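Notes follow once the structure below has been shown.
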Amino acid sequence: MKLLHIDSSITGETSVSRSLTAAIVAKLAAAHSGTEITRRDVTATPLPHLDLAAMPGGGGDAASASTAILEEFLAADVVVIGAPMYNFTIPSQLKAWIDRIIVAGRTFRHNADGSVEGLIPGKRVIVAISRGNFYGVGAPGERLEHLETYLAALFGFIGVTPEFVIAEGVGAGPDHRAAALDHADQTITALAA
Ligand SMILES: Cc1cc2nc3c(=O)[nH]c(=O)nc-3n(C[C@H](O)[C@H](O)[C@H](O)COP(=O)(O)O)c2cc1C
């Protein structure tokens with residue numbers, strides 16, 4: 001099994017999302033001997049903002065680098081992504097990675113009848129979300145949630161239904177933080193191996 005492990009938190013060793021992705025990767029690797037893990041830390045090694053030269057067809061090194069990111073995603077059977085909430089959505093470092101994998105003709109296509117078809121059915125994507133406050137249905141922050149909803153829509157667009165492991169309320173005091181981590185641990189335990 002090929003597993004692509006992506007982290008995007010800027011908070012280093014205290015990062016909640018990094019601890020969650022590490023636990024998910026450890027669980028999957030333990031269940032599948034010989035798992036080949038590719039590590040991509042988009043904070044330690046940031047990708048530049050997408051520009052015209054980095055688009056497919058750009059012709060130069062920037063476009064080749066973008067294609068390498070896309071191929072790495074396509075090659076993975078399982079993708080584990082750490083997605084902390086910064087200012088109500090994903091880190092810009094993770095957006096730069098996303099800008100390399102949503103590619104017409106490779107991960108989605110426009111059909112003659114005007115419909116859009118995702119070209120990536122069958123890939124498993126697990127997203128570990130950490131957020132300081134609460135954004136569930138009925139929570140005061142519900143309308144500010146642009147991370148989980150965004151990633152669900154984005155991956156749905158290319159044919160993937162992501163699985164989410166969520167720790168929320170980690171900034172709302174020690175009790176909420178402990179409960180959030182406990183809930184996330186239970187979700188990881190319940191993930192199919
Ligand atoms: C720059 C920054 C922006 C943040 N913005 C939000 C936010 O909009 N909403 C929220 O609930 N928490 C916010 N937080 C809290 C983080 O979501 C929380 O600390 C989470 O654990 C971050 O994931 P990490 O620990 O993997 O870095 C922010 C934290 C930082 C550092």
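Going through the structure tokens in order, the chains are called A, B, and so on, while each chain numbers its residues from 1 and the ligands are numbered from 1 in the order shown.
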Pick out the residues sitting within 12 Å of Ala29 (chain A), and hand them over as a PyMOL selection string; count only C-alpha atoms, and ignore anything fewer than 4 positions along from it in its own chain. chain A and resi 1-5+21-25+33-38+78+80+193
Could you list, with a cut-off of 6 Å and counting only C-alpha atoms and all ligand atoms, the residues of chain A near ligand 1, each shown with its nearest atom pair and the distance in Å rounded to one decimal, rows sorted by chain and ascending number, as CSV?
residue,atom,partner,partner_atom_place_in_ligand_line,distance
A:Ser9,CA,ligand 1,27 (O),4.4
A:Ile10,CA,ligand 1,27 (O),5.6
A:Thr11,CA,ligand 1,27 (O),4.6
A:Ser15,CA,ligand 1,25 (O),3.4
A:Val16,CA,ligand 1,25 (O),3.8
A:Ser17,CA,ligand 1,26 (O),3.6
A:Arg18,CA,ligand 1,26 (O),5.5
A:Pro84,CA,ligand 1,23 (O),3.9
A:Met85,CA,ligand 1,17 (O),4.0
A:Tyr86,CA,ligand 1,5 (N),3.5
A:Asn87,CA,ligand 1,8 (O),3.2
A:Phe88,CA,ligand 1,8 (O),3.8
A:Ser130,CA,ligand 1,20 (C),4.5
A:Arg131,CA,ligand 1,17 (O),3.3
A:Gly132,CA,ligand 1,12 (N),3.5
A:Asn133,CA,ligand 1,11 (O),3.8
A:Val170,CA,ligand 1,21 (O),5.8
A:Gly171,CA,ligand 1,19 (O),6.0
Which neighbours of Gly136 (chain A) fall inside 12 Å, counting only C-alpha atoms, when residues of the same chain fewer than 3 positions from it are skipped, and could you give them as a list in words? Arg131, Asn133, Ala139, Pro140, Gly141, Glu142, Arg143, Leu144, Glu145, His146, Leu147, Glu148, Thr149, Ile166, Ala167, Glu168 and Gly169 of chain A
Based on the selection just made, write all heavy atoms of those residues as a compact mmCIF listing (two decimals), in the first residue's frame.
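Final output, result_22.txt:
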# COMPACT_ATOMS: atom_id res chain seq x y z
N ARG A 131 -9.42 22.32 15.39
CA ARG A 131 -9.90 23.70 15.39
C ARG A 131 -10.15 24.14 16.83
O ARG A 131 -10.55 23.34 17.68
CB ARG A 131 -11.12 23.88 14.49
CG ARG A 131 -12.19 22.83 14.60
CD ARG A 131 -13.13 22.84 13.39
NE ARG A 131 -14.27 21.95 13.62
CZ ARG A 131 -15.03 21.43 12.67
NH1 ARG A 131 -14.79 21.69 11.40
NH2 ARG A 131 -16.04 20.64 12.97
N ASN A 133 -12.29 26.32 18.21
CA ASN A 133 -13.66 26.51 18.70
C ASN A 133 -14.59 25.43 18.15
O ASN A 133 -14.13 24.40 17.66
CB ASN A 133 -14.13 27.92 18.33
CG ASN A 133 -13.44 28.96 19.21
OD1 ASN A 133 -13.49 28.87 20.44
ND2 ASN A 133 -12.78 29.91 18.58
N ALA A 139 -23.96 25.18 16.49
CA ALA A 139 -22.94 25.90 17.27
C ALA A 139 -22.85 27.35 16.75
O ALA A 139 -23.13 27.61 15.58
CB ALA A 139 -21.58 25.21 17.13
N PRO A 140 -22.45 28.28 17.63
CA PRO A 140 -22.36 29.69 17.20
C PRO A 140 -21.45 29.85 15.98
O PRO A 140 -21.68 30.72 15.15
CB PRO A 140 -21.77 30.40 18.41
CG PRO A 140 -22.06 29.52 19.58
CD PRO A 140 -22.13 28.12 19.06
N GLY A 141 -20.43 29.01 15.87
CA GLY A 141 -19.49 29.16 14.76
C GLY A 141 -19.89 28.43 13.49
O GLY A 141 -19.13 28.45 12.51
N GLU A 142 -21.07 27.82 13.49
CA GLU A 142 -21.44 26.96 12.34
C GLU A 142 -21.24 27.65 10.99
O GLU A 142 -20.70 27.06 10.06
CB GLU A 142 -22.90 26.51 12.50
CG GLU A 142 -23.35 25.56 11.40
CD GLU A 142 -24.83 25.17 11.54
OE1 GLU A 142 -25.48 25.58 12.53
OE2 GLU A 142 -25.33 24.48 10.63
N ARG A 143 -21.67 28.91 10.91
CA ARG A 143 -21.61 29.60 9.61
C ARG A 143 -20.19 30.04 9.23
O ARG A 143 -19.96 30.51 8.12
CB ARG A 143 -22.55 30.81 9.63
CG ARG A 143 -24.01 30.38 9.62
CD ARG A 143 -24.95 31.54 9.83
NE ARG A 143 -24.75 32.58 8.82
CZ ARG A 143 -25.25 33.80 8.92
NH1 ARG A 143 -25.94 34.14 9.98
NH2 ARG A 143 -25.06 34.68 7.96
N LEU A 144 -19.26 29.90 10.17
CA LEU A 144 -17.88 30.28 9.86
C LEU A 144 -17.02 29.07 9.48
O LEU A 144 -15.81 29.19 9.31
CB LEU A 144 -17.26 30.98 11.07
CG LEU A 144 -17.82 32.37 11.38
CD1 LEU A 144 -17.33 32.86 12.73
CD2 LEU A 144 -17.43 33.34 10.28
N GLU A 145 -17.66 27.91 9.38
CA GLU A 145 -16.90 26.69 9.10
C GLU A 145 -16.63 26.60 7.59
O GLU A 145 -17.54 26.31 6.82
CB GLU A 145 -17.69 25.46 9.60
CG GLU A 145 -16.80 24.28 9.95
CD GLU A 145 -16.04 23.70 8.78
OE1 GLU A 145 -16.66 23.52 7.71
OE2 GLU A 145 -14.84 23.45 8.91
N HIS A 146 -15.40 26.83 7.20
CA HIS A 146 -15.03 26.77 5.77
C HIS A 146 -13.83 25.85 5.56
O HIS A 146 -13.04 26.05 4.65
CB HIS A 146 -14.71 28.17 5.25
CG HIS A 146 -15.84 29.14 5.41
ND1 HIS A 146 -17.02 29.04 4.71
CD2 HIS A 146 -15.98 30.19 6.25
CE1 HIS A 146 -17.83 30.01 5.07
NE2 HIS A 146 -17.24 30.72 6.01
N LEU A 147 -13.70 24.88 6.43
CA LEU A 147 -12.58 23.94 6.32
C LEU A 147 -13.12 22.55 5.96
O LEU A 147 -12.89 22.06 4.85
CB LEU A 147 -11.82 23.90 7.66
CG LEU A 147 -10.48 23.18 7.72
CD1 LEU A 147 -9.77 23.48 9.01
CD2 LEU A 147 -10.60 21.70 7.55
N GLU A 148 -13.87 21.96 6.88
CA GLU A 148 -14.45 20.63 6.63
C GLU A 148 -15.39 20.67 5.41
O GLU A 148 -15.31 19.80 4.53
CB GLU A 148 -15.22 20.21 7.89
CG GLU A 148 -15.89 18.87 7.84
CD GLU A 148 -16.71 18.62 9.10
OE1 GLU A 148 -16.59 19.41 10.07
OE2 GLU A 148 -17.48 17.65 9.11
N THR A 149 -16.24 21.70 5.35
CA THR A 149 -17.18 21.80 4.22
C THR A 149 -16.42 21.99 2.91
O THR A 149 -16.77 21.40 1.88
CB THR A 149 -18.14 22.98 4.43
OG1 THR A 149 -17.40 24.11 4.88
CG2 THR A 149 -19.20 22.64 5.47
N ILE A 166 -11.92 14.58 13.66
CA ILE A 166 -12.03 15.99 14.06
C ILE A 166 -11.80 16.15 15.55
O ILE A 166 -12.43 15.50 16.38
CB ILE A 166 -13.42 16.55 13.68
CG1 ILE A 166 -13.64 16.45 12.17
CG2 ILE A 166 -13.56 18.00 14.16
CD1 ILE A 166 -15.02 16.85 11.70
N ALA A 167 -10.87 17.07 15.87
CA ALA A 167 -10.69 17.53 17.25
C ALA A 167 -11.11 18.99 17.26
O ALA A 167 -10.42 19.82 16.65
CB ALA A 167 -9.25 17.38 17.70
N GLU A 168 -12.21 19.30 17.88
CA GLU A 168 -12.63 20.71 17.89
C GLU A 168 -12.86 21.18 19.32
O GLU A 168 -13.14 20.39 20.22
CB GLU A 168 -13.85 20.95 17.02
CG GLU A 168 -15.17 20.49 17.56
CD GLU A 168 -16.35 21.07 16.80
OE1 GLU A 168 -16.15 21.86 15.87
OE2 GLU A 168 -17.48 20.74 17.18
N GLY A 169 -12.66 22.49 19.49
CA GLY A 169 -12.73 23.07 20.83
C GLY A 169 -11.42 22.94 21.58
O GLY A 169 -11.38 23.09 22.80
For Gly159 (chain A), list every protein, DNA or RNA residue within 7 Å, evaluated using only C-alpha atoms, and leave out those in the same chain fewer than 3 positions away; present the list as a list of chain:residue names. A:Gly118, A:Leu119, A:Ile120, A:Pro121, A:Phe155, A:Gly156
Only all heavy atoms, please: the residues just picked out, written as a PDB file, in the first residue's frame.
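Result file is again33.pdb:
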ATOM      1  N   GLY A 118     -15.649  13.597 -11.613  1.00  0.00           N
ATOM      2  CA  GLY A 118     -14.418  13.339 -10.868  1.00  0.00           C
ATOM      3  C   GLY A 118     -13.745  12.095 -11.411  1.00  0.00           C
ATOM      4  O   GLY A 118     -14.410  11.114 -11.726  1.00  0.00           O
ATOM      5  N   LEU A 119     -12.428  12.122 -11.509  1.00  0.00           N
ATOM      6  CA  LEU A 119     -11.693  11.007 -12.122  1.00  0.00           C
ATOM      7  C   LEU A 119     -10.930  10.164 -11.102  1.00  0.00           C
ATOM      8  O   LEU A 119     -10.116   9.338 -11.477  1.00  0.00           O
ATOM      9  CB  LEU A 119     -10.719  11.558 -13.179  1.00  0.00           C
ATOM     10  CG  LEU A 119     -11.366  12.333 -14.329  1.00  0.00           C
ATOM     11  CD1 LEU A 119     -10.290  12.865 -15.273  1.00  0.00           C
ATOM     12  CD2 LEU A 119     -12.364  11.457 -15.085  1.00  0.00           C
ATOM     13  N   ILE A 120     -11.211  10.399  -9.807  1.00  0.00           N
ATOM     14  CA  ILE A 120     -10.411   9.726  -8.778  1.00  0.00           C
ATOM     15  C   ILE A 120     -11.274   8.849  -7.855  1.00  0.00           C
ATOM     16  O   ILE A 120     -11.132   8.909  -6.640  1.00  0.00           O
ATOM     17  CB  ILE A 120      -9.627  10.775  -7.940  1.00  0.00           C
ATOM     18  CG1 ILE A 120      -8.908  11.767  -8.833  1.00  0.00           C
ATOM     19  CG2 ILE A 120      -8.601  10.116  -7.030  1.00  0.00           C
ATOM     20  CD1 ILE A 120      -7.818  11.133  -9.702  1.00  0.00           C
ATOM     21  N   PRO A 121     -12.181   8.071  -8.380  1.00  0.00           N
ATOM     22  CA  PRO A 121     -12.931   7.199  -7.477  1.00  0.00           C
ATOM     23  C   PRO A 121     -11.990   6.138  -6.912  1.00  0.00           C
ATOM     24  O   PRO A 121     -11.058   5.710  -7.580  1.00  0.00           O
ATOM     25  CB  PRO A 121     -13.993   6.576  -8.377  1.00  0.00           C
ATOM     26  CG  PRO A 121     -13.418   6.643  -9.742  1.00  0.00           C
ATOM     27  CD  PRO A 121     -12.525   7.843  -9.777  1.00  0.00           C
ATOM     28  N   PHE A 155     -12.880  17.464  -2.452  1.00  0.00           N
ATOM     29  CA  PHE A 155     -12.555  16.077  -2.793  1.00  0.00           C
ATOM     30  C   PHE A 155     -13.732  15.405  -3.496  1.00  0.00           C
ATOM     31  O   PHE A 155     -13.531  14.571  -4.388  1.00  0.00           O
ATOM     32  CB  PHE A 155     -12.080  15.303  -1.555  1.00  0.00           C
ATOM     33  CG  PHE A 155     -10.655  15.611  -1.198  1.00  0.00           C
ATOM     34  CD1 PHE A 155     -10.346  16.342  -0.068  1.00  0.00           C
ATOM     35  CD2 PHE A 155      -9.626  15.210  -2.024  1.00  0.00           C
ATOM     36  CE1 PHE A 155      -9.021  16.660   0.235  1.00  0.00           C
ATOM     37  CE2 PHE A 155      -8.303  15.515  -1.735  1.00  0.00           C
ATOM     38  CZ  PHE A 155      -8.003  16.241  -0.599  1.00  0.00           C
ATOM     39  N   GLY A 156     -14.956  15.776  -3.123  1.00  0.00           N
ATOM     40  CA  GLY A 156     -16.124  15.257  -3.835  1.00  0.00           C
ATOM     41  C   GLY A 156     -16.070  15.606  -5.317  1.00  0.00           C
ATOM     42  O   GLY A 156     -16.447  14.807  -6.175  1.00  0.00           O
TER      43      GLY A 156
END
I need the residues in region 20-158 of chain A that are helix (DSSP H, G or I) according to DSSP; give them as a PyMOL selection string. chain A and resi 20-31+52-54+61-75+92-101+142-144+148-157
Written file, previous selection with N, CA and C atoms, as a compact mmCIF listing (two decimals), in the first residue's frame:
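The file below, again-v8.txt, is the result:
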# COMPACT_ATOMS: atom_id res chain seq x y z
N LEU A 20 -2.55 13.87 15.30
CA LEU A 20 -3.63 13.01 14.76
C LEU A 20 -3.18 12.29 13.49
N THR A 21 -2.53 13.01 12.58
CA THR A 21 -2.08 12.31 11.35
C THR A 21 -1.06 11.23 11.69
N ALA A 22 -0.19 11.52 12.67
CA ALA A 22 0.82 10.51 13.05
C ALA A 22 0.12 9.25 13.56
N ALA A 23 -0.93 9.42 14.37
CA ALA A 23 -1.65 8.26 14.92
C ALA A 23 -2.37 7.49 13.81
N ILE A 24 -2.93 8.21 12.86
CA ILE A 24 -3.64 7.55 11.75
C ILE A 24 -2.65 6.76 10.89
N VAL A 25 -1.54 7.40 10.56
CA VAL A 25 -0.53 6.73 9.73
C VAL A 25 0.02 5.50 10.45
N ALA A 26 0.27 5.65 11.75
CA ALA A 26 0.81 4.50 12.52
C ALA A 26 -0.19 3.35 12.50
N LYS A 27 -1.46 3.66 12.66
CA LYS A 27 -2.47 2.60 12.65
C LYS A 27 -2.52 1.88 11.30
N LEU A 28 -2.53 2.65 10.23
CA LEU A 28 -2.65 2.04 8.90
C LEU A 28 -1.39 1.25 8.55
N ALA A 29 -0.23 1.82 8.91
CA ALA A 29 1.03 1.12 8.59
C ALA A 29 1.13 -0.19 9.37
N ALA A 30 0.63 -0.18 10.61
CA ALA A 30 0.69 -1.41 11.42
C ALA A 30 -0.21 -2.49 10.82
N ALA A 31 -1.28 -2.06 10.19
CA ALA A 31 -2.25 -3.02 9.64
C ALA A 31 -1.85 -3.54 8.26
N LEU A 52 0.90 31.15 -13.36
CA LEU A 52 0.73 30.61 -14.71
C LEU A 52 1.86 29.65 -15.08
N ALA A 53 3.07 29.99 -14.67
CA ALA A 53 4.23 29.13 -15.01
C ALA A 53 4.14 27.77 -14.35
N ALA A 54 3.47 27.73 -13.18
CA ALA A 54 3.37 26.46 -12.44
C ALA A 54 2.17 25.62 -12.86
N ASP A 61 10.45 24.49 -15.12
CA ASP A 61 10.67 23.74 -13.88
C ASP A 61 9.47 23.82 -12.94
N ALA A 62 8.82 25.00 -12.91
CA ALA A 62 7.70 25.18 -11.97
C ALA A 62 6.55 24.24 -12.34
N ALA A 63 6.29 24.10 -13.63
CA ALA A 63 5.22 23.20 -14.07
C ALA A 63 5.59 21.74 -13.80
N SER A 64 6.86 21.40 -14.01
CA SER A 64 7.32 20.03 -13.72
C SER A 64 7.16 19.72 -12.24
N ALA A 65 7.47 20.71 -11.40
CA ALA A 65 7.34 20.50 -9.95
C ALA A 65 5.87 20.29 -9.59
N SER A 66 4.98 21.03 -10.22
CA SER A 66 3.54 20.85 -9.97
C SER A 66 3.09 19.46 -10.40
N THR A 67 3.57 19.01 -11.55
CA THR A 67 3.19 17.69 -12.05
C THR A 67 3.68 16.60 -11.11
N ALA A 68 4.87 16.81 -10.53
CA ALA A 68 5.40 15.81 -9.58
C ALA A 68 4.49 15.69 -8.35
N ILE A 69 3.96 16.81 -7.90
CA ILE A 69 3.02 16.80 -6.76
C ILE A 69 1.76 16.03 -7.14
N LEU A 70 1.25 16.30 -8.35
CA LEU A 70 0.05 15.61 -8.83
C LEU A 70 0.30 14.11 -8.93
N GLU A 71 1.43 13.72 -9.52
CA GLU A 71 1.73 12.29 -9.69
C GLU A 71 1.86 11.59 -8.33
N GLU A 72 2.44 12.30 -7.37
CA GLU A 72 2.59 11.74 -6.03
C GLU A 72 1.20 11.47 -5.43
N PHE A 73 0.28 12.39 -5.64
CA PHE A 73 -1.09 12.20 -5.16
C PHE A 73 -1.76 11.03 -5.89
N LEU A 74 -1.62 11.00 -7.20
CA LEU A 74 -2.27 9.95 -8.00
C LEU A 74 -1.73 8.57 -7.64
N ALA A 75 -0.46 8.49 -7.30
CA ALA A 75 0.17 7.19 -7.02
C ALA A 75 -0.26 6.61 -5.68
N SER A 92 -2.79 28.35 4.11
CA SER A 92 -2.48 28.66 2.71
C SER A 92 -1.46 27.69 2.14
N GLN A 93 -0.61 27.12 3.02
CA GLN A 93 0.35 26.11 2.53
C GLN A 93 -0.37 24.90 1.95
N LEU A 94 -1.47 24.51 2.59
CA LEU A 94 -2.23 23.36 2.09
C LEU A 94 -2.98 23.73 0.82
N LYS A 95 -3.43 24.97 0.73
CA LYS A 95 -4.12 25.43 -0.48
C LYS A 95 -3.17 25.36 -1.68
N ALA A 96 -1.89 25.70 -1.46
CA ALA A 96 -0.93 25.63 -2.57
C ALA A 96 -0.78 24.19 -3.06
N TRP A 97 -0.86 23.21 -2.14
CA TRP A 97 -0.80 21.79 -2.55
C TRP A 97 -2.07 21.43 -3.33
N ILE A 98 -3.22 21.86 -2.80
CA ILE A 98 -4.48 21.57 -3.49
C ILE A 98 -4.47 22.14 -4.91
N ASP A 99 -3.87 23.30 -5.06
CA ASP A 99 -3.83 23.93 -6.39
C ASP A 99 -3.04 23.10 -7.40
N ARG A 100 -2.24 22.13 -6.90
CA ARG A 100 -1.50 21.24 -7.83
C ARG A 100 -2.25 19.96 -8.14
N ILE A 101 -3.27 19.63 -7.36
CA ILE A 101 -3.91 18.32 -7.59
C ILE A 101 -5.30 18.42 -8.24
N GLU A 142 -21.07 27.82 13.49
CA GLU A 142 -21.44 26.96 12.34
C GLU A 142 -21.24 27.65 10.99
N ARG A 143 -21.67 28.91 10.91
CA ARG A 143 -21.61 29.60 9.61
C ARG A 143 -20.19 30.04 9.23
N LEU A 144 -19.26 29.90 10.17
CA LEU A 144 -17.88 30.28 9.86
C LEU A 144 -17.02 29.07 9.48
N GLU A 148 -13.87 21.96 6.88
CA GLU A 148 -14.45 20.63 6.63
C GLU A 148 -15.39 20.67 5.41
N THR A 149 -16.24 21.70 5.35
CA THR A 149 -17.18 21.80 4.22
C THR A 149 -16.42 21.99 2.91
N TYR A 150 -15.37 22.80 2.96
CA TYR A 150 -14.57 23.05 1.76
C TYR A 150 -13.89 21.77 1.27
N LEU A 151 -13.25 21.06 2.21
CA LEU A 151 -12.51 19.85 1.80
C LEU A 151 -13.47 18.74 1.35
N ALA A 152 -14.64 18.65 1.99
CA ALA A 152 -15.62 17.65 1.54
C ALA A 152 -16.06 17.95 0.11
N ALA A 153 -16.33 19.23 -0.18
CA ALA A 153 -16.77 19.61 -1.53
C ALA A 153 -15.64 19.44 -2.54
N LEU A 154 -14.44 19.85 -2.14
CA LEU A 154 -13.30 19.79 -3.05
C LEU A 154 -12.98 18.35 -3.45
N PHE A 155 -12.88 17.46 -2.45
CA PHE A 155 -12.56 16.08 -2.79
C PHE A 155 -13.73 15.41 -3.50
N GLY A 156 -14.96 15.78 -3.12
CA GLY A 156 -16.12 15.26 -3.83
C GLY A 156 -16.07 15.61 -5.32
N PHE A 157 -15.56 16.78 -5.62
CA PHE A 157 -15.45 17.26 -7.00
C PHE A 157 -14.59 16.32 -7.85
Just want the 7 Å neighbourhood of Ile126 (chain A), counted on only C-alpha atoms, with same-chain residues fewer than 4 positions away dropped. Output as a compact mmCIF listing (two decimals) with C-alpha atoms, in the first residue's frame.
# COMPACT_ATOMS: atom_id res chain seq x y z
CA VAL A 79 -3.75 10.02 1.58
CA VAL A 80 -3.68 11.28 5.18
CA ILE A 81 -3.92 15.05 5.49
CA PRO A 162 -13.04 11.91 2.48
CA GLU A 163 -13.16 10.49 5.99
CA PHE A 164 -12.76 13.06 8.77
